[in-house]
$ cat structure.txt   # compact mmCIF, C-alpha atoms
# COMPACT_ATOMS: atom_id res chain seq x y z
CA MET B 21 86.87 74.70 -121.98
CA ALA B 22 85.15 73.65 -118.81
CA THR B 23 81.45 73.22 -118.26
CA ALA B 24 79.70 75.61 -115.88
CA PRO B 25 76.07 76.54 -115.31
CA ALA B 26 74.67 78.52 -118.21
CA PRO B 27 73.40 82.07 -117.75
CA ALA B 28 69.72 82.56 -117.01
CA ASP B 29 69.36 86.33 -116.85
CA GLY B 30 69.61 87.58 -120.41
CA TYR B 31 69.63 83.96 -121.57
CA LYS B 32 69.56 83.75 -125.35
CA THR B 33 67.35 80.81 -126.24
CA GLU B 34 68.16 81.12 -129.94
CA VAL B 35 71.87 80.72 -129.14
CA TYR B 36 71.90 78.02 -126.45
CA LYS B 37 69.15 75.80 -127.84
CA LYS B 38 69.98 72.57 -129.63
CA HIS B 39 71.11 73.16 -133.21
CA ASP B 40 70.87 70.97 -136.29
CA ASP B 41 74.32 71.82 -137.63
CA ARG B 42 77.78 71.88 -136.09
CA GLU B 43 78.60 75.46 -137.08
CA SER B 44 75.58 76.92 -135.25
CA HIS B 45 76.29 74.72 -132.25
CA GLU B 46 79.91 75.89 -132.09
CA SER B 47 78.79 79.52 -132.37
CA GLY B 48 76.81 78.99 -129.16
CA VAL B 49 79.85 77.43 -127.48
CA LEU B 50 81.87 80.53 -128.36
CA GLN B 51 79.29 82.78 -126.72
CA GLN B 52 79.28 80.59 -123.60
CA TYR B 53 83.05 80.84 -123.12
CA ASP B 54 84.88 83.41 -125.21
CA THR B 55 83.55 86.77 -124.01
CA LYS B 56 85.45 89.12 -121.70
CA GLU B 57 82.98 88.62 -118.86
CA LYS B 58 83.03 84.82 -119.12
CA LEU B 59 86.83 84.71 -119.28
CA GLU B 60 87.02 86.82 -116.11
CA PHE B 61 84.44 84.62 -114.38
CA TYR B 62 86.27 81.37 -115.13
CA ALA B 63 89.64 82.83 -114.15
CA GLU B 64 88.29 84.07 -110.83
CA VAL B 65 86.06 81.13 -109.85
CA MET B 66 87.78 78.12 -111.41
CA GLY B 67 91.36 79.29 -111.84
CA ASP B 68 92.06 81.08 -108.55
CA GLY B 69 92.92 84.14 -110.62
CA THR B 70 94.89 82.05 -113.14
CA ASP B 71 93.93 80.73 -116.58
CA ASN B 72 93.69 77.09 -115.45
CA ILE B 73 89.93 76.65 -115.66
CA HIS B 74 89.60 72.87 -115.41
CA PHE B 75 87.80 70.79 -112.82
CA GLY B 76 90.14 69.34 -110.20
CA LYS B 77 91.34 66.14 -108.61
CA TRP B 78 91.18 66.68 -104.85
CA ASP B 79 93.35 63.93 -103.33
CA ASN B 80 95.31 65.28 -100.34
CA ILE B 81 94.36 68.90 -100.98
CA ASP B 82 93.16 71.07 -98.09
CA LEU B 83 89.93 72.62 -99.34
CA ASP B 84 90.51 75.72 -97.19
CA GLU B 85 94.08 76.45 -98.26
CA PRO B 86 94.70 79.45 -100.55
CA GLY B 87 94.69 78.48 -104.21
CA ALA B 88 93.15 75.06 -103.52
CA TYR B 89 91.10 75.02 -106.71
CA GLY B 90 94.08 75.84 -108.90
CA LYS B 91 96.15 73.13 -107.21
CA ALA B 92 93.41 70.57 -107.81
CA SER B 93 93.20 71.57 -111.48
CA ASP B 94 96.96 71.15 -111.85
CA GLN B 95 96.78 67.81 -110.06
CA MET B 96 94.17 66.58 -112.54
CA THR B 97 96.33 67.64 -115.47
CA ASP B 98 99.32 65.80 -113.97
CA TYR B 99 97.26 62.68 -113.29
CA MET B 100 95.96 62.48 -116.85
CA PHE B 101 99.28 63.19 -118.50
CA LYS B 102 101.06 60.56 -116.39
CA LEU B 103 98.37 58.09 -117.39
CA VAL B 104 98.73 58.53 -121.14
CA TRP B 105 102.50 58.97 -121.04
CA GLU B 106 102.93 55.65 -119.26
CA MET B 107 100.58 54.04 -121.80
CA VAL B 108 103.17 54.80 -124.50
CA GLY B 109 106.14 53.69 -122.39
CA SER B 110 107.09 57.16 -121.07
CA LYS B 111 108.75 57.81 -124.42
CA LYS B 112 110.70 60.95 -125.28
CA PRO B 113 110.51 62.90 -127.43
CA LEU B 114 106.73 62.89 -127.17
CA SER B 115 104.23 64.78 -129.30
CA TYR B 116 100.69 65.27 -128.13
CA VAL B 117 97.58 67.16 -129.16
CA ASP B 118 95.31 68.90 -126.64
CA LEU B 119 91.81 68.84 -128.13
CA GLY B 120 89.74 71.74 -126.81
CA SER B 121 92.72 73.22 -124.99
CA GLY B 122 91.01 76.31 -123.59
CA THR B 123 93.61 78.83 -122.47
CA GLY B 124 96.33 76.18 -122.75
CA ALA B 125 97.19 75.93 -119.06
CA ALA B 126 97.50 72.13 -119.21
CA ALA B 127 99.77 72.12 -122.27
CA ARG B 128 102.08 74.79 -120.93
CA ARG B 129 102.34 73.08 -117.54
CA ILE B 130 103.10 69.70 -119.10
CA CYS B 131 105.75 71.07 -121.47
CA LYS B 132 107.36 73.26 -118.81
CA ASP B 133 107.71 70.29 -116.46
CA ASN B 134 108.74 67.69 -119.06
CA GLU B 135 111.66 68.29 -121.40
CA GLY B 136 111.25 66.52 -124.72
CA VAL B 137 107.47 66.95 -124.78
CA ALA B 138 105.81 69.10 -127.46
CA ALA B 139 102.13 70.05 -127.52
CA SER B 140 99.75 71.19 -130.23
CA CYS B 141 96.77 73.08 -128.79
CA LEU B 142 93.55 73.04 -130.81
CA ASN B 143 90.72 75.20 -129.50
CA LEU B 144 87.58 76.85 -130.83
CA CYS B 145 87.83 80.16 -128.95
CA PRO B 146 90.04 82.93 -130.41
CA GLU B 147 90.26 84.99 -127.21
CA GLN B 148 91.37 81.97 -125.19
CA ASN B 149 93.89 81.14 -127.91
CA ALA B 150 95.32 84.66 -127.87
CA THR B 151 95.85 84.32 -124.11
CA ASN B 152 97.53 80.96 -124.64
CA ALA B 153 99.85 82.21 -127.40
CA LYS B 154 100.91 85.19 -125.30
CA LEU B 155 101.73 83.01 -122.28
CA VAL B 156 103.57 80.47 -124.44
CA THR B 157 105.95 83.24 -125.51
CA GLU B 158 106.28 84.67 -122.01
CA MET B 159 107.19 81.22 -120.65
CA GLY B 160 109.78 80.59 -123.35
CA LEU B 161 107.82 77.68 -124.84
CA ASP B 162 107.73 78.84 -128.47
CA GLY B 163 108.63 75.91 -130.67
CA ARG B 164 107.29 73.41 -128.14
CA VAL B 165 103.69 74.59 -127.76
CA SER B 166 101.71 75.58 -130.84
CA VAL B 167 98.23 77.14 -130.80
CA SER B 168 95.60 76.70 -133.53
CA THR B 169 92.02 77.90 -133.79
CA GLY B 170 89.64 75.20 -134.93
CA THR B 171 87.33 72.37 -133.98
CA TYR B 172 88.34 68.95 -132.71
CA GLU B 173 85.62 67.54 -134.94
CA LYS B 174 87.69 68.45 -138.02
CA CYS B 175 91.31 68.62 -136.90
CA PRO B 176 93.85 70.55 -139.02
CA TYR B 177 96.47 67.78 -138.74
CA GLU B 178 97.71 64.97 -140.94
CA ASP B 179 96.91 61.34 -140.15
CA ASN B 180 99.13 59.68 -137.51
CA SER B 181 100.68 62.95 -136.31
CA PHE B 182 100.83 62.50 -132.52
CA ASP B 183 101.90 59.96 -129.93
CA VAL B 184 99.08 60.97 -127.60
CA ALA B 185 95.74 62.80 -127.66
CA PHE B 186 94.52 64.56 -124.52
CA SER B 187 91.48 66.62 -123.54
CA GLN B 188 90.24 68.16 -120.29
CA ASP B 189 86.63 69.26 -119.88
CA ALA B 190 85.88 70.02 -123.53
CA PHE B 191 84.18 67.02 -125.14
CA VAL B 192 80.89 67.64 -123.36
CA HIS B 193 80.35 70.24 -126.10
CA ALA B 194 81.04 67.89 -129.02
CA PHE B 195 78.33 68.10 -131.65
CA SER B 196 79.04 64.44 -132.44
CA LYS B 197 80.96 62.25 -130.01
CA LEU B 198 81.54 59.63 -132.71
CA THR B 199 83.09 62.19 -135.07
CA THR B 200 85.23 63.56 -132.24
CA TYR B 201 86.59 60.14 -131.29
CA GLN B 202 87.18 59.26 -134.95
CA GLU B 203 89.19 62.44 -135.48
CA ALA B 204 91.28 61.75 -132.38
CA LEU B 205 91.94 58.25 -133.71
CA ARG B 206 92.94 59.63 -137.10
CA VAL B 207 95.58 62.03 -135.79
CA VAL B 208 97.13 59.64 -133.22
CA LYS B 209 99.85 57.26 -134.36
CA PRO B 210 99.16 53.50 -134.34
CA GLY B 211 99.89 52.23 -130.84
CA GLY B 212 99.32 55.71 -129.38
CA ALA B 213 97.16 56.65 -126.41
CA PHE B 214 94.16 58.87 -125.74
CA ALA B 215 92.71 60.19 -122.48
CA TRP B 216 89.98 62.71 -121.80
CA CYS B 217 87.87 63.83 -118.86
CA ASP B 218 84.52 65.59 -118.70
CA LEU B 219 81.00 65.61 -117.37
CA MET B 220 78.89 62.70 -118.61
CA CYS B 221 75.23 61.90 -118.42
CA GLY B 222 74.20 60.21 -115.19
CA THR B 223 71.94 57.22 -114.75
CA GLY B 224 70.75 57.72 -111.18
CA PRO B 225 67.43 56.21 -110.07
CA GLY B 226 64.60 58.70 -110.32
CA VAL B 227 66.48 61.08 -112.64
CA SER B 228 64.03 62.12 -115.34
CA GLN B 229 64.78 62.44 -119.02
CA GLU B 230 63.37 65.95 -118.79
CA GLU B 231 65.99 66.95 -116.21
CA LEU B 232 68.80 65.49 -118.30
CA ALA B 233 67.49 67.21 -121.41
CA THR B 234 67.17 70.56 -119.64
CA PHE B 235 70.84 70.52 -118.66
CA ALA B 236 71.88 69.55 -122.17
CA GLN B 237 69.76 72.21 -123.83
CA THR B 238 71.08 75.03 -121.61
CA ASN B 239 74.78 74.15 -121.70
CA MET B 240 75.53 73.58 -125.40
CA VAL B 241 75.45 69.80 -124.98
CA ASN B 242 74.28 68.13 -128.18
CA ASP B 243 75.45 64.54 -127.72
CA TRP B 244 74.81 63.76 -124.03
CA LEU B 245 76.16 60.25 -123.28
CA SER B 246 76.71 58.20 -120.13
CA PRO B 247 80.16 56.74 -119.39
CA GLU B 248 79.01 53.36 -120.70
CA GLN B 249 77.70 54.93 -123.90
CA ASN B 250 80.91 56.91 -124.38
CA VAL B 251 82.95 53.73 -123.99
CA SER B 252 80.76 52.01 -126.57
CA VAL B 253 81.04 54.89 -129.06
CA MET B 254 84.82 55.05 -128.62
CA LYS B 255 85.03 51.36 -129.47
CA GLU B 256 82.82 52.01 -132.50
CA ALA B 257 85.26 54.75 -133.55
CA GLY B 258 88.08 52.18 -133.51
CA TRP B 259 89.73 52.62 -130.09
CA SER B 260 90.78 49.58 -128.08
CA ASP B 261 91.28 48.93 -124.34
CA VAL B 262 88.70 51.63 -123.58
CA THR B 263 88.41 52.19 -119.82
CA PHE B 264 86.35 54.57 -117.65
CA VAL B 265 87.81 55.82 -114.34
CA ASN B 266 85.01 57.16 -112.14
CA LEU B 267 85.98 60.41 -110.37
CA THR B 268 82.48 61.70 -109.72
CA GLN B 269 83.18 62.60 -106.10
CA ASP B 270 85.82 65.04 -107.34
CA ILE B 271 83.30 66.92 -109.49
CA LYS B 272 81.05 67.31 -106.46
CA THR B 273 83.95 68.91 -104.60
CA SER B 274 84.69 71.15 -107.58
CA PHE B 275 81.08 72.34 -107.74
CA ALA B 276 81.02 72.93 -103.97
CA LEU B 277 84.23 75.00 -104.06
CA MET B 278 82.97 77.00 -107.04
CA LEU B 279 79.77 77.72 -105.12
CA LYS B 280 81.76 78.82 -102.09
CA LYS B 281 83.83 81.19 -104.23
CA VAL B 282 80.81 82.76 -105.92
CA GLU B 283 79.11 83.26 -102.55
CA LYS B 284 82.24 84.93 -101.17
CA ILE B 285 82.49 87.24 -104.18
CA LEU B 286 78.85 88.28 -103.83
CA GLU B 287 79.14 88.80 -100.07
CA SER B 288 82.47 90.63 -99.91
CA THR B 289 82.79 92.64 -103.13
CA PRO B 290 81.03 95.99 -103.56
CA PRO B 291 78.82 95.91 -106.68
CA GLU B 292 80.84 98.67 -108.35
CA GLU B 293 84.03 96.58 -108.02
CA LEU B 294 82.63 93.36 -109.46
CA LYS B 295 84.27 92.20 -112.70
CA VAL B 296 81.22 90.07 -113.53
CA ASP B 297 77.60 91.26 -113.60
CA VAL B 298 75.87 90.61 -110.27
CA LYS B 299 72.86 89.01 -112.00
CA LEU B 300 75.13 86.54 -113.76
CA LEU B 301 76.95 85.72 -110.52
CA THR B 302 73.62 85.20 -108.74
CA THR B 303 72.51 82.82 -111.50
CA TYR B 304 75.75 80.84 -111.23
CA ARG B 305 75.36 80.65 -107.45
CA ASP B 306 71.86 79.23 -107.71
CA ASN B 307 72.79 76.78 -110.46
CA LEU B 308 75.88 75.55 -108.63
CA ALA B 309 73.84 74.90 -105.50
CA ARG B 310 71.61 72.67 -107.62
CA ARG B 311 74.60 70.96 -109.27
CA VAL B 312 75.92 69.65 -105.93
CA GLY B 313 72.60 67.96 -105.21
CA GLN B 314 72.32 66.70 -108.78
CA VAL B 315 75.64 64.87 -108.45
CA ASP B 316 74.31 63.10 -105.35
CA ARG B 317 71.18 62.06 -107.24
CA GLY B 318 73.13 60.70 -110.22
CA VAL B 319 72.31 63.39 -112.79
CA PHE B 320 76.01 63.65 -113.66
CA GLN B 321 79.08 61.50 -113.65
CA TRP B 322 82.63 62.72 -114.18
CA GLY B 323 85.89 60.95 -114.79
CA VAL B 324 88.53 59.89 -117.28
CA ILE B 325 88.19 57.61 -120.28
CA HIS B 326 91.45 56.31 -121.71
CA ALA B 327 92.19 54.05 -124.67
CA ARG B 328 94.77 52.88 -127.18
CA LYS B 329 94.89 53.08 -130.96
CA PRO B 330 95.44 49.59 -132.35
CA VAL B 331 98.78 49.16 -134.10
CA ASN B 332 97.18 47.73 -137.21
CA VAL B 333 94.66 50.52 -137.79
CA ALA B 334 95.19 53.14 -140.47
CA ALA B 335 92.54 55.81 -139.97
CA THR B 336 91.52 57.74 -143.07
CA SER B 337 89.41 60.82 -143.50
CA GLU B 338 89.05 63.98 -145.50
CA PRO B 339 92.27 66.01 -145.97
CA PRO B 340 93.00 68.20 -142.93
CA VAL B 341 91.74 71.75 -142.95
CA SER B 342 94.22 74.59 -142.99
CA VAL B 343 95.40 76.08 -139.70
CA PRO B 344 94.46 79.76 -139.26

$ encode --input "structure.txt" --output "structure tokens"
Amino acid sequence: MATAPAPADGYKTEVYKKHDDRESHESGVLQQYDTKEKLEFYAEVMGDGTDNIHFGKWDNIDLDEPGAYGKASDQMTDYMFKLVWEMVGSKKPLSYVDLGSGTGAAARRICKDNEGVAASCLNLCPEQNATNAKLVTEMGLDGRVSVSTGTYEKCPYEDNSFDVAFSQDAFVHAFSKLTTYQEALRVVKPGGAFAWCDLMCGTGPGVSQEELATFAQTNMVNDWLSPEQNVSVMKEAGWSDVTFVNLTQDIKTSFALMLKKVEKILESTPPEELKVDVKLLTTYRDNLARRVGQVDRGVFQWGVIHARKPVNVAATSEPPVSVP
């Protein structure tokens, strides 16, 4: 999953408001991402017509070249996987879990390009998971990429199952960051590695608590932490060598390119040919224009946090839930 501006027209306050329980919160996340219209929007605006709907890393990418956004998304996936793989000595075979895997583009890319690597995709959204499972079979990756429906806050895996845990643009929606990081610790083997990227709460001068709260309350963000707070909570969960890599300039570029795409769609596509409602597109356009300025003012930060599981830690928890 990847965070985008929430809808305003037809906005359902009872769905997107803050909830007191995880199940209601996750129901709102499903409605933000797993409808036909939202899937088409993300594929068109963030995936260049593909299912890779992650924010990108823009080093050495021509912003005007065809497919630039998709290339940047792939480059971010490659950067993160290289990081965690090297943290465990580039070992093969390698097992890893993708927590909040979306449509599975990252997992399939990693396994296709790296023999000896197997991925377990865990994701909340059934429609995204159906897309992932279909593409896994089409790409001949059955047996190396598995797809499960569930929450990363209660993983359906045994303790110490994976060499590496990985997540792109999904943890912003965690109901509890501490629970999420504890579950990742539980399922990773002692000595294993963990890396994730996502939007985090900014600390810019003059940014009001009201502005931060408004974003959180309209984007299914329950536990809105700064990079420093995330690092602290990860240490509390039991992770060691916790490090934040600031890539905030890349998120500004991602927002700017998304804005450019939405503007082009609105300007060049006849209303009757639009795959997404024009009111929704107009709302996204306006919100994205604000997002670019908000990055400059320090409302958001974006980057990677990576860590290791200490060798002498044995994480325990409730028995894993069954996999649907």

$ atom_distance --input "structure.txt" --atom1 "CA of Glu46 (chain B)" --atom2 "CA of Glu147 (chain B)"
14.6 Å

$ atom_distance --input "structure.txt" --atom1 "CA of Glu230 (chain B)" --atom2 "CA of Gly318 (chain B)"
14.0 Å

$ residues_around --input "structure.txt" --residues "Val312 (chain B)" --least-positions-apart "6" --cutoff "8 Å" --atoms "all atoms listed in the file" --output "list in words"
Lys272, Phe275 and Ala276 of chain B

$ closest_residue --input "structure.txt" --among "B:Met107, B:Leu286, B:Val296, B:Val227" --to "Gly313 (chain B)" --atoms "only C-alpha atoms"
B:Val227

$ residues_around --input "structure.txt" --residues "Val208 (chain B)" --least-positions-apart "4" --cutoff "6 Å" --atoms "only C-alpha atoms" --output "PDB file with C-alpha atoms, in the coordinates of the input"
ATOM      1  CA  ASN B 180      99.130  59.680-137.510  1.00  0.00           C
ATOM      2  CA  SER B 181     100.680  62.950-136.310  1.00  0.00           C
ATOM      3  CA  PHE B 182     100.830  62.500-132.520  1.00  0.00           C
ATOM      4  CA  ASP B 183     101.900  59.960-129.930  1.00  0.00           C
ATOM      5  CA  GLY B 212      99.320  55.710-129.380  1.00  0.00           C
TER       6      GLY B 212
END

$ closest_residue --input "structure.txt" --among "B:Pro86, B:Pro330, B:Pro113, B:Gly136" --to "Pro210 (chain B)" --atoms "only C-alpha atoms"
B:Pro330

$ atom_distance --input "structure.txt" --atom1 "CA of Val253 (chain B)" --atom2 "CA of Cys217 (chain B)"
15.2 Å

$ residues_near_point --input "structure.txt" --point "(95.7, 75.5, -133.3)" --cutoff "10 Å" --atoms "all atoms listed in the file" --output "MDAnalysis selection string"
chainID B and resid 117:121 140:144 146 149 153 165:172 175:177 342:344

$ residues_around --input "structure.txt" --residues "Asp316 (chain B)" --least-positions-apart "3" --cutoff "10 Å" --atoms "all atoms listed in the file" --output "JSON, numbers by chain"
{"B": [224, 268, 269, 272, 311, 312, 313, 319, 320, 321]}

$ closest_residue --input "structure.txt" --among "B:Leu114, B:Glu292, B:Val104, B:Cys221" --to "Thr234 (chain B)" --atoms "all atoms listed in the file"
B:Cys221

$ closest_residue --input "structure.txt" --among "B:Thr97, B:Thr199, B:Asn266, B:Thr273" --to "Ile325 (chain B)" --atoms "all atoms listed in the file"
B:Asn266

$ residues_around --input "structure.txt" --residues "Tyr99 (chain B)" --least-positions-apart "6" --cutoff "12 Å" --atoms "only C-alpha atoms" --output "PyMOL selection string"
chain B and resi 76-79+92-93+105-106+126+130+186+188+215-217+265+267+323-324
